[in-house]
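Below is data_7.pdb, holding PDB, C-alpha atoms.
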```
ATOM      1  CA  GLY A  17     -34.367   6.496  13.334
ATOM      2  CA  ALA A  18     -36.858   4.260  11.588
ATOM      3  CA  VAL A  19     -38.483   1.698  13.858
ATOM      4  CA  VAL A  20     -40.166  -1.548  12.924
ATOM      5  CA  SER A  21     -42.266  -3.213  15.593
ATOM      6  CA  GLN A  22     -43.010  -6.930  15.412
ATOM      7  CA  HIS A  23     -45.451  -8.858  17.607
ATOM      8  CA  PRO A  24     -45.653 -11.249  19.251
ATOM      9  CA  SER A  25     -42.029 -11.860  20.152
ATOM     10  CA  TRP A  26     -42.651 -15.441  21.243
ATOM     11  CA  VAL A  27     -45.392 -17.966  20.528
ATOM     12  CA  ILE A  28     -45.846 -21.534  21.717
ATOM     13  CA  CYS A  29     -48.888 -23.368  20.439
ATOM     14  CA  LYS A  30     -50.255 -26.764  19.547
ATOM     15  CA  SER A  31     -49.932 -28.368  16.150
ATOM     16  CA  GLY A  32     -52.776 -27.359  13.842
ATOM     17  CA  THR A  33     -53.116 -23.852  15.242
ATOM     18  CA  SER A  34     -52.905 -20.804  13.002
ATOM     19  CA  VAL A  35     -50.608 -18.035  14.183
ATOM     20  CA  LYS A  36     -50.625 -14.395  13.094
ATOM     21  CA  ILE A  37     -47.530 -12.209  13.302
ATOM     22  CA  GLU A  38     -47.738  -8.439  12.892
ATOM     23  CA  CYS A  39     -45.097  -6.117  11.528
ATOM     24  CA  ARG A  40     -45.567  -2.373  11.864
ATOM     25  CA  SER A  41     -43.498   0.549  10.663
ATOM     26  CA  LEU A  42     -43.907   3.064  13.477
ATOM     27  CA  ASP A  43     -42.577   6.310  12.073
ATOM     28  CA  PHE A  44     -42.508   5.837   8.331
ATOM     29  CA  GLN A  45     -44.621   4.432   5.542
ATOM     30  CA  ALA A  46     -43.572   1.186   3.944
ATOM     31  CA  THR A  47     -45.004   0.208   0.586
ATOM     32  CA  THR A  48     -42.865  -2.895   0.708
ATOM     33  CA  MET A  49     -42.131  -5.182   3.641
ATOM     34  CA  PHE A  50     -40.209  -8.433   3.684
ATOM     35  CA  TRP A  51     -40.699 -11.628   5.653
ATOM     36  CA  TYR A  52     -37.759 -13.869   6.512
ATOM     37  CA  ARG A  53     -37.412 -17.191   8.263
ATOM     38  CA  GLN A  54     -34.318 -18.245  10.151
ATOM     39  CA  PHE A  55     -33.712 -21.766  11.427
ATOM     40  CA  PRO A  56     -31.170 -22.308  14.233
ATOM     41  CA  LYS A  57     -27.591 -21.624  13.166
ATOM     42  CA  GLN A  58     -28.690 -20.773   9.644
ATOM     43  CA  SER A  59     -29.022 -17.636   7.591
ATOM     44  CA  LEU A  60     -32.074 -15.494   6.983
ATOM     45  CA  MET A  61     -34.090 -16.812   4.083
ATOM     46  CA  LEU A  62     -36.504 -14.504   2.326
ATOM     47  CA  MET A  63     -39.977 -16.005   2.285
ATOM     48  CA  ALA A  64     -41.958 -13.295   0.559
ATOM     49  CA  THR A  65     -42.177  -9.655  -0.362
ATOM     50  CA  SER A  66     -45.287  -7.949   0.953
ATOM     51  CA  ASN A  67     -46.695  -5.183  -1.211
ATOM     52  CA  GLU A  68     -49.224  -2.681   0.097
ATOM     53  CA  GLY A  69     -52.515  -3.047  -1.702
ATOM     54  CA  SER A  70     -51.529  -6.028  -3.797
ATOM     55  CA  LYS A  71     -50.645  -9.686  -3.540
ATOM     56  CA  ALA A  72     -47.418 -10.757  -1.939
ATOM     57  CA  THR A  73     -44.592 -12.158  -4.022
ATOM     58  CA  TYR A  74     -43.417 -15.507  -2.674
ATOM     59  CA  GLU A  75     -39.975 -17.009  -3.067
ATOM     60  CA  GLN A  76     -39.608 -20.356  -4.730
ATOM     61  CA  GLY A  77     -40.525 -23.200  -2.433
ATOM     62  CA  VAL A  78     -42.634 -21.126  -0.043
ATOM     63  CA  GLU A  79     -46.284 -22.203   0.059
ATOM     64  CA  LYS A  80     -48.505 -19.168  -0.335
ATOM     65  CA  ASP A  81     -51.520 -21.009   1.070
ATOM     66  CA  LYS A  82     -49.516 -21.959   4.139
ATOM     67  CA  PHE A  83     -48.032 -18.533   4.798
ATOM     68  CA  LEU A  84     -50.695 -15.906   4.251
ATOM     69  CA  ILE A  85     -49.500 -12.347   3.920
ATOM     70  CA  ASN A  86     -51.691  -9.276   4.143
ATOM     71  CA  HIS A  87     -50.380  -5.739   3.670
ATOM     72  CA  ALA A  88     -53.517  -3.713   4.200
ATOM     73  CA  SER A  89     -51.906  -0.368   4.977
ATOM     74  CA  LEU A  90     -48.654   1.487   4.536
ATOM     75  CA  THR A  91     -47.652   0.688   8.110
ATOM     76  CA  LEU A  92     -48.834  -2.870   8.704
ATOM     77  CA  SER A  93     -48.109  -6.256   7.219
ATOM     78  CA  THR A  94     -49.204  -9.548   8.754
ATOM     79  CA  LEU A  95     -47.968 -13.083   8.269
ATOM     80  CA  THR A  96     -50.311 -15.917   9.199
ATOM     81  CA  VAL A  97     -48.882 -19.392   9.516
ATOM     82  CA  THR A  98     -51.909 -21.588   8.865
ATOM     83  CA  SER A  99     -52.310 -24.994  10.477
ATOM     84  CA  ALA A 100     -48.807 -24.808  11.909
ATOM     85  CA  HIS A 101     -46.811 -27.983  12.446
ATOM     86  CA  PRO A 102     -43.568 -28.635  14.356
ATOM     87  CA  GLU A 103     -41.497 -28.189  11.179
ATOM     88  CA  ASP A 104     -42.769 -24.583  11.000
ATOM     89  CA  SER A 105     -41.029 -23.817  14.274
ATOM     90  CA  SER A 106     -38.523 -21.093  13.482
ATOM     91  CA  PHE A 107     -37.542 -17.465  14.001
ATOM     92  CA  TYR A 108     -39.609 -15.203  11.739
ATOM     93  CA  ILE A 109     -38.378 -11.667  11.075
ATOM     94  CA  CYS A 110     -39.886  -8.852   9.079
ATOM     95  CA  SER A 111     -38.203  -5.831   7.602
ATOM     96  CA  ALA A 112     -39.344  -2.614   5.981
ATOM     97  CA  GLY A 113     -37.974   0.432   4.271
ATOM     98  CA  GLY A 114     -34.918   0.227   2.140
ATOM     99  CA  LYS A 115     -35.784   2.522  -0.700
ATOM    100  CA  SER A 116     -33.246   2.503  -3.470
ATOM    101  CA  ASN A 117     -30.039   1.343  -1.813
ATOM    102  CA  GLN A 118     -31.062   2.377   1.665
ATOM    103  CA  PRO A 119     -30.895   0.080   4.692
ATOM    104  CA  GLN A 120     -33.818  -2.101   5.605
ATOM    105  CA  HIS A 121     -35.105  -1.878   9.154
ATOM    106  CA  PHE A 122     -35.744  -5.154  10.920
ATOM    107  CA  GLY A 123     -38.312  -6.076  13.515
ATOM    108  CA  ASP A 124     -37.241  -7.909  16.667
ATOM    109  CA  GLY A 125     -38.441 -11.232  15.306
ATOM    110  CA  THR A 126     -40.941 -13.812  16.475
ATOM    111  CA  ARG A 127     -39.854 -17.109  17.963
ATOM    112  CA  LEU A 128     -42.481 -19.655  16.936
ATOM    113  CA  SER A 129     -42.552 -23.038  18.640
ATOM    114  CA  ILE A 130     -45.130 -25.596  17.576
ATOM    115  CA  LEU A 131     -45.633 -28.532  19.910
TER     116      LEU A 131
ATOM    117  CA  GLY B  23     -31.592 -15.412  -8.725
ATOM    118  CA  GLU B  24     -28.847 -13.977  -6.591
ATOM    119  CA  ASN B  25     -26.487 -16.324  -4.769
ATOM    120  CA  VAL B  26     -24.222 -15.067  -1.987
ATOM    121  CA  GLU B  27     -21.400 -17.167  -0.610
ATOM    122  CA  GLN B  28     -19.670 -16.298   2.642
ATOM    123  CA  HIS B  29     -16.437 -17.528   4.192
ATOM    124  CA  PRO B  30     -15.319 -18.598   6.686
ATOM    125  CA  SER B  31     -18.260 -20.104   8.548
ATOM    126  CA  THR B  32     -16.408 -19.788  11.848
ATOM    127  CA  LEU B  33     -13.567 -17.496  12.800
ATOM    128  CA  SER B  34     -11.685 -17.380  16.066
ATOM    129  CA  VAL B  35      -9.237 -14.567  16.783
ATOM    130  CA  GLN B  36      -7.356 -13.247  19.754
ATOM    131  CA  GLU B  37      -8.459  -9.958  21.243
ATOM    132  CA  GLY B  38      -6.752  -7.100  19.446
ATOM    133  CA  ASP B  39      -6.229  -9.038  16.231
ATOM    134  CA  SER B  40      -8.001  -8.305  12.960
ATOM    135  CA  ALA B  41     -10.830 -10.348  11.471
ATOM    136  CA  VAL B  42     -11.712 -10.598   7.798
ATOM    137  CA  ILE B  43     -14.872 -12.087   6.342
ATOM    138  CA  LYS B  44     -15.318 -12.508   2.600
ATOM    139  CA  CYS B  45     -18.381 -12.757   0.388
ATOM    140  CA  THR B  46     -19.026 -13.288  -3.288
ATOM    141  CA  TYR B  47     -22.210 -12.620  -5.218
ATOM    142  CA  SER B  48     -23.492 -13.744  -8.575
ATOM    143  CA  ASP B  49     -25.919 -11.107  -9.848
ATOM    144  CA  SER B  50     -24.188  -8.166 -11.493
ATOM    145  CA  ALA B  51     -27.376  -6.116 -10.973
ATOM    146  CA  SER B  52     -26.825  -6.115  -7.207
ATOM    147  CA  ASN B  53     -25.767  -2.635  -6.184
ATOM    148  CA  TYR B  54     -25.995  -2.402  -2.414
ATOM    149  CA  PHE B  55     -24.072  -4.532   0.068
ATOM    150  CA  PRO B  56     -24.881  -4.309   3.789
ATOM    151  CA  TRP B  57     -23.239  -6.212   6.615
ATOM    152  CA  TYR B  58     -25.170  -7.296   9.689
ATOM    153  CA  LYS B  59     -24.206  -8.416  13.162
ATOM    154  CA  GLN B  60     -26.635 -10.761  14.867
ATOM    155  CA  GLU B  61     -26.514 -11.831  18.475
ATOM    156  CA  LEU B  62     -28.341 -14.949  19.586
ATOM    157  CA  GLY B  63     -32.114 -14.524  19.411
ATOM    158  CA  LYS B  64     -31.888 -10.901  18.307
ATOM    159  CA  ARG B  65     -32.573  -9.014  15.119
ATOM    160  CA  PRO B  66     -29.771  -8.421  12.614
ATOM    161  CA  GLN B  67     -28.121  -5.056  13.189
ATOM    162  CA  LEU B  68     -26.619  -3.101  10.328
ATOM    163  CA  ILE B  69     -22.976  -2.352  11.042
ATOM    164  CA  ILE B  70     -21.790  -0.978   7.719
ATOM    165  CA  ASP B  71     -22.889  -0.877   4.102
ATOM    166  CA  ILE B  72     -21.414  -0.017   0.740
ATOM    167  CA  ARG B  73     -22.906   0.954  -2.572
ATOM    168  CA  SER B  74     -21.663  -0.169  -5.932
ATOM    169  CA  ASN B  75     -20.210   3.203  -6.874
ATOM    170  CA  VAL B  76     -17.741   3.022  -3.979
ATOM    171  CA  GLY B  77     -14.754   0.709  -3.557
ATOM    172  CA  GLU B  78     -14.113   1.100   0.147
ATOM    173  CA  LYS B  79     -15.775   2.494   3.238
ATOM    174  CA  LYS B  80     -14.552   2.777   6.802
ATOM    175  CA  ASP B  81     -16.242   3.463  10.104
ATOM    176  CA  GLN B  82     -13.875   3.421  13.066
ATOM    177  CA  ARG B  83     -12.723  -0.213  13.515
ATOM    178  CA  ILE B  84     -14.895  -1.542  10.701
ATOM    179  CA  ALA B  85     -14.210  -1.328   6.984
ATOM    180  CA  VAL B  86     -15.722  -2.857   3.895
ATOM    181  CA  THR B  87     -14.206  -3.247   0.444
ATOM    182  CA  LEU B  88     -15.990  -4.005  -2.800
ATOM    183  CA  ASN B  89     -14.624  -5.357  -6.064
ATOM    184  CA  LYS B  90     -17.436  -5.135  -8.612
ATOM    185  CA  THR B  91     -15.463  -6.746 -11.377
ATOM    186  CA  ALA B  92     -14.754  -9.835  -9.330
ATOM    187  CA  LYS B  93     -18.129  -9.648  -7.555
ATOM    188  CA  HIS B  94     -16.722  -9.919  -4.095
ATOM    189  CA  PHE B  95     -16.762  -7.802  -0.978
ATOM    190  CA  SER B  96     -15.133  -8.127   2.411
ATOM    191  CA  LEU B  97     -15.597  -7.002   5.985
ATOM    192  CA  HIS B  98     -12.563  -6.019   8.023
ATOM    193  CA  ILE B  99     -12.671  -5.576  11.786
ATOM    194  CA  THR B 100      -9.520  -4.262  13.445
ATOM    195  CA  GLU B 101      -8.558  -4.312  17.114
ATOM    196  CA  THR B 102     -11.206  -6.910  17.861
ATOM    197  CA  GLN B 103     -12.869  -6.932  21.260
ATOM    198  CA  PRO B 104     -14.837  -9.672  23.057
ATOM    199  CA  GLU B 105     -18.067  -7.773  22.389
ATOM    200  CA  ASP B 106     -17.448  -8.216  18.665
ATOM    201  CA  SER B 107     -18.257 -11.915  19.134
ATOM    202  CA  ALA B 108     -21.457 -12.649  17.187
ATOM    203  CA  VAL B 109     -22.672 -13.996  13.872
ATOM    204  CA  TYR B 110     -21.992 -11.721  10.916
ATOM    205  CA  PHE B 111     -23.969 -11.824   7.685
ATOM    206  CA  CYS B 112     -23.181 -10.195   4.396
ATOM    207  CA  ALA B 113     -25.961  -9.440   1.954
ATOM    208  CA  ALA B 114     -26.354  -8.371  -1.645
ATOM    209  CA  SER B 115     -29.271  -6.269  -2.705
ATOM    210  CA  LYS B 116     -30.913  -4.934  -5.799
ATOM    211  CA  GLU B 117     -33.901  -2.731  -6.311
ATOM    212  CA  ILE B 118     -37.186  -4.427  -7.050
ATOM    213  CA  THR B 119     -40.290  -3.260  -8.883
ATOM    214  CA  GLY B 120     -42.481  -1.197  -6.592
ATOM    215  CA  GLY B 121     -39.612   0.062  -4.506
ATOM    216  CA  GLY B 122     -37.414  -1.444  -1.851
ATOM    217  CA  ASN B 123     -34.356  -3.646  -2.019
ATOM    218  CA  LYS B 124     -34.451  -7.407  -2.147
ATOM    219  CA  LEU B 125     -31.739  -8.750   0.161
ATOM    220  CA  THR B 126     -30.011 -12.074  -0.317
ATOM    221  CA  PHE B 127     -27.996 -13.078   2.724
ATOM    222  CA  GLY B 128     -24.769 -14.985   2.956
ATOM    223  CA  THR B 129     -24.559 -18.083   5.127
ATOM    224  CA  GLY B 130     -23.067 -16.284   8.105
ATOM    225  CA  THR B 131     -19.777 -16.265  10.018
ATOM    226  CA  GLN B 132     -19.590 -17.061  13.716
ATOM    227  CA  LEU B 133     -16.863 -14.766  15.039
ATOM    228  CA  LYS B 134     -15.362 -15.527  18.410
ATOM    229  CA  VAL B 135     -12.926 -13.110  19.974
ATOM    230  CA  GLU B 136     -10.902 -14.777  22.683
ATOM    231  CA  LEU B 137      -9.229 -13.054  25.587
TER     232      LEU B 137
END
```

Let me see the structure of the file written as structure tokens.
Amino acid sequence: GAVVSQHPSWVICKSGTSVKIECRSLDFQATTMFWYRQFPKQSLMLMATSNEGSKATYEQGVEKDKFLINHASLTLSTLTVTSAHPEDSSFYICSAGGKSNQPQHFGDGTRLSIL
Amino acid sequence: GENVEQHPSTLSVQEGDSAVIKCTYSDSASNYFPWYKQELGKRPQLIIDIRSNVGEKKDQRIAVTLNKTAKHFSLHITETQPEDSAVYFCAASKEITGGGNKLTFGTGTQLKVEL
């Protein structure tokens, strides 16, 4: 089946650091990928929709200058958390696929901890 | 935008009993409704889905029903087992420009199956 690979799985870094998370579709092409954030004991909240070859579409309340998304190819999207602070600590998950009423395929997620 | 409500937030059942989780959605354009099981620190796993042209779908111990008129859908798990214990999320989805489905998740249900 379709596989989405997400790296790194776990990051601990100091406040002010920028962190890049990669999301790759391994055996299919994804024109659209999605980035979610999940705080402890809460639901997955869509942050942005990543579109290959064009600008990402951000959900209301998500700072596009804080969370930089690049979708340079049909198999790779990256999320960069710029100048991360402790309140950015969360579980970030990407997904891909899901053409017309088909399931999305999720990455394993990245646990980000900012000290 | 879409709003998905999910109830109950926690559900405790005895092994062998049935569990029912209910969701409502607001956007009549939503046409795909997946259910996910998420274990602590892991990615959401699709367990069953239903499309808007179907009223009910069953897969072994798991079933989902959809009432488009009332905009609600439910997950039914029969003969529950301890390994069913996890957080379950419903989601509503509609197709977006450029391809892909935009998922809006419910708030989640923590299911605990007791021996």

For this session: Determine the residue set returned by the ChimeraX specification (/A :<9) & /B for the present structure, and present it as a VMD selection string.
Result: chain B and resid 53 to 56 63 to 68 71 73 111 115 to 118 120 to 130

Exercise. Care to translate the PyMOL selection byres ((chain B and resi 102) around 9) into actual residues of this file, as a PyMOL selection string?
Worked result: chain B and resi 35-41+83+99-101+103-107+135

For this session: Please identify all polymer residues within 8 Å of B:Lys90, counting all atoms listed in the file, omitting same-chain residues fewer than 3 positions from it, and present them as a ChimeraX atom specification.
Result: /B:50,74,93-94

Centre and size of axis-aligned box enclosing stretch 119-134 of chain B plus 3 Å each side, as JSON:
```
{"center_x": -28.9, "center_y": -9.0, "center_z": 4.8, "size_x": 33.1, "size_y": 24.1, "size_z": 33.3}
```

Exercise. Of the candidates A:Glu75, A:Asp104, A:Glu38, A:Asp43, which shows the shortest atom-to-atom distance to A:Pro24, using all atoms listed in the file?
Worked result: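 Looking only at the distances to A:Pro24, the closest residue turns out to be A:Glu38.
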
For this session: Would you mind telling me which residue in A:Ser99, A:Phe44, A:Trp26, A:Ser105 lies nearest to A:Asp81 when using all atoms listed in the file?
Result: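 Nearest to A:Asp81: A:Ser99.
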
Exercise. Can you tell me how far atom CA of B:Lys80 sits from atom CA of B:Tyr110, in Å to one decimal?
Worked result: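 Separating atom CA of B:Lys80 from atom CA of B:Tyr110 is a distance of 16.8 Å.
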
Exercise. Using only C-alpha atoms, which residue out of A:Thr98, A:Ser70, A:Ser93, A:Ser25 lies closest to A:Cys39?
Worked result: A:Ser93

Exercise. Of the residues A:His101, A:Ala88, A:Ala18, A:Gly69, which is the one nearest to A:Gly32, using only C-alpha atoms?
Worked result: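 When distances to A:Gly32 are compared using only C-alpha atoms, the smallest one comes from A:His101.
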
Exercise. When distances are computed from all atoms listed in the file, which of B:Asn25, B:Thr119, B:Gln132, B:Thr32 shows the smallest separation from B:Asp49?
Worked result: B:Asn25

At a cut-off of 8 Å from (-16.9, -3.9, 4.8) in the coordinates of the file, what residues are picked up using only C-alpha atoms, written as a PDB file with C-alpha atoms, in the coordinates of the input?
```pdb
ATOM      1  CA  TRP B  57     -23.239  -6.212   6.615  1.00  0.00           C
ATOM      2  CA  ILE B  70     -21.790  -0.978   7.719  1.00  0.00           C
ATOM      3  CA  ASP B  71     -22.889  -0.877   4.102  1.00  0.00           C
ATOM      4  CA  ILE B  72     -21.414  -0.017   0.740  1.00  0.00           C
ATOM      5  CA  GLU B  78     -14.113   1.100   0.147  1.00  0.00           C
ATOM      6  CA  LYS B  79     -15.775   2.494   3.238  1.00  0.00           C
ATOM      7  CA  LYS B  80     -14.552   2.777   6.802  1.00  0.00           C
ATOM      8  CA  ILE B  84     -14.895  -1.542  10.701  1.00  0.00           C
ATOM      9  CA  ALA B  85     -14.210  -1.328   6.984  1.00  0.00           C
ATOM     10  CA  VAL B  86     -15.722  -2.857   3.895  1.00  0.00           C
ATOM     11  CA  THR B  87     -14.206  -3.247   0.444  1.00  0.00           C
ATOM     12  CA  LEU B  88     -15.990  -4.005  -2.800  1.00  0.00           C
ATOM     13  CA  PHE B  95     -16.762  -7.802  -0.978  1.00  0.00           C
ATOM     14  CA  SER B  96     -15.133  -8.127   2.411  1.00  0.00           C
ATOM     15  CA  LEU B  97     -15.597  -7.002   5.985  1.00  0.00           C
ATOM     16  CA  HIS B  98     -12.563  -6.019   8.023  1.00  0.00           C
TER      17      HIS B  98
END
```

For this session: Take atom CA of B:Leu62 and atom CA of B:Ala108 and report the distance between them in Å, one decimal.
Result: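 Taking atom CA of B:Leu62 as the start and atom CA of B:Ala108 as the end point, the length is 7.6 Å.
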
Problem set entry | Hits from the PyMOL selection byres ((chain B and resi 46) around 8), listed as an NGL selection string | :B and (26-28 or 44-45 or 47-48 or 93-95)

Might you pull out every residue within 8 Å of B:Ser34, with only C-alpha atoms counted and same-chain residues fewer than 5 positions away left off, and present them as a PDB file with C-alpha atoms, keeping the file's coordinate frame?
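Result went into result38.pdb, see below:
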```pdb
ATOM      1  CA  LEU B 133     -16.863 -14.766  15.039  1.00  0.00           C
ATOM      2  CA  LYS B 134     -15.362 -15.527  18.410  1.00  0.00           C
ATOM      3  CA  VAL B 135     -12.926 -13.110  19.974  1.00  0.00           C
ATOM      4  CA  GLU B 136     -10.902 -14.777  22.683  1.00  0.00           C
TER       5      GLU B 136
END
```

Problem set entry | Separation of atom CA of A:Ile85 from atom CA of B:Tyr58, in Å and rounded to one decimal |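 Those two atoms sit 25.5 Å apart.
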
For this session: Would you be able to write out as a ChimeraX atom specification which residues have an atom within 8 Å of (-43.4, -26.3, 14.4) in the file's coordinates, counting all atoms listed in the file?
Result: /A:31,100-106,128-131

Could I get stretch 114-123 of chain B rebuilt with all heavy atoms, written as a compact mmCIF listing (two decimals), in the coordinates of the input?
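Wrote selection.txt, looks like this:
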```txt
# COMPACT_ATOMS: atom_id res chain seq x y z
N ALA B 114 -26.37 -9.09 -0.37
CA ALA B 114 -26.35 -8.37 -1.64
C ALA B 114 -27.79 -7.98 -1.96
O ALA B 114 -28.73 -8.74 -1.70
CB ALA B 114 -25.77 -9.24 -2.75
N SER B 115 -27.93 -6.82 -2.54
CA SER B 115 -29.27 -6.27 -2.70
C SER B 115 -29.42 -5.59 -4.06
O SER B 115 -28.48 -4.97 -4.56
CB SER B 115 -29.52 -5.25 -1.59
OG SER B 115 -30.70 -4.52 -1.83
N LYS B 116 -30.59 -5.70 -4.62
CA LYS B 116 -30.91 -4.93 -5.80
C LYS B 116 -32.34 -4.42 -5.68
O LYS B 116 -33.16 -5.00 -4.97
CB LYS B 116 -30.75 -5.77 -7.06
CG LYS B 116 -31.66 -6.99 -7.15
CD LYS B 116 -31.40 -7.75 -8.45
CE LYS B 116 -32.29 -8.98 -8.54
NZ LYS B 116 -32.03 -9.73 -9.80
N GLU B 117 -32.59 -3.34 -6.39
CA GLU B 117 -33.90 -2.73 -6.31
C GLU B 117 -34.93 -3.60 -7.03
O GLU B 117 -34.64 -4.22 -8.04
CB GLU B 117 -33.87 -1.34 -6.94
CG GLU B 117 -34.98 -0.43 -6.49
CD GLU B 117 -34.70 1.02 -6.82
OE1 GLU B 117 -33.58 1.32 -7.25
OE2 GLU B 117 -35.61 1.83 -6.65
N ILE B 118 -36.13 -3.64 -6.44
CA ILE B 118 -37.19 -4.43 -7.05
C ILE B 118 -38.32 -3.51 -7.50
O ILE B 118 -38.44 -2.38 -7.03
CB ILE B 118 -37.74 -5.49 -6.08
CG1 ILE B 118 -38.25 -4.84 -4.78
CG2 ILE B 118 -36.67 -6.53 -5.77
CD1 ILE B 118 -38.92 -5.80 -3.84
N THR B 119 -39.15 -4.01 -8.38
CA THR B 119 -40.29 -3.26 -8.88
C THR B 119 -41.21 -2.89 -7.73
O THR B 119 -41.50 -3.71 -6.88
CB THR B 119 -41.08 -4.11 -9.90
OG1 THR B 119 -40.19 -4.50 -10.95
CG2 THR B 119 -42.22 -3.28 -10.49
N GLY B 120 -41.61 -1.64 -7.68
CA GLY B 120 -42.48 -1.20 -6.59
C GLY B 120 -41.71 -0.56 -5.45
O GLY B 120 -42.29 -0.10 -4.48
N GLY B 121 -40.41 -0.56 -5.56
CA GLY B 121 -39.61 0.06 -4.51
C GLY B 121 -39.07 -0.94 -3.51
O GLY B 121 -39.58 -2.03 -3.36
N GLY B 122 -38.03 -0.56 -2.83
CA GLY B 122 -37.41 -1.44 -1.85
C GLY B 122 -36.31 -2.26 -2.47
O GLY B 122 -36.19 -2.39 -3.68
N ASN B 123 -35.47 -2.80 -1.60
CA ASN B 123 -34.36 -3.65 -2.02
C ASN B 123 -34.62 -5.07 -1.61
O ASN B 123 -35.06 -5.33 -0.49
CB ASN B 123 -33.06 -3.20 -1.34
CG ASN B 123 -32.67 -1.80 -1.71
OD1 ASN B 123 -32.75 -1.42 -2.86
ND2 ASN B 123 -32.27 -1.03 -0.73
```
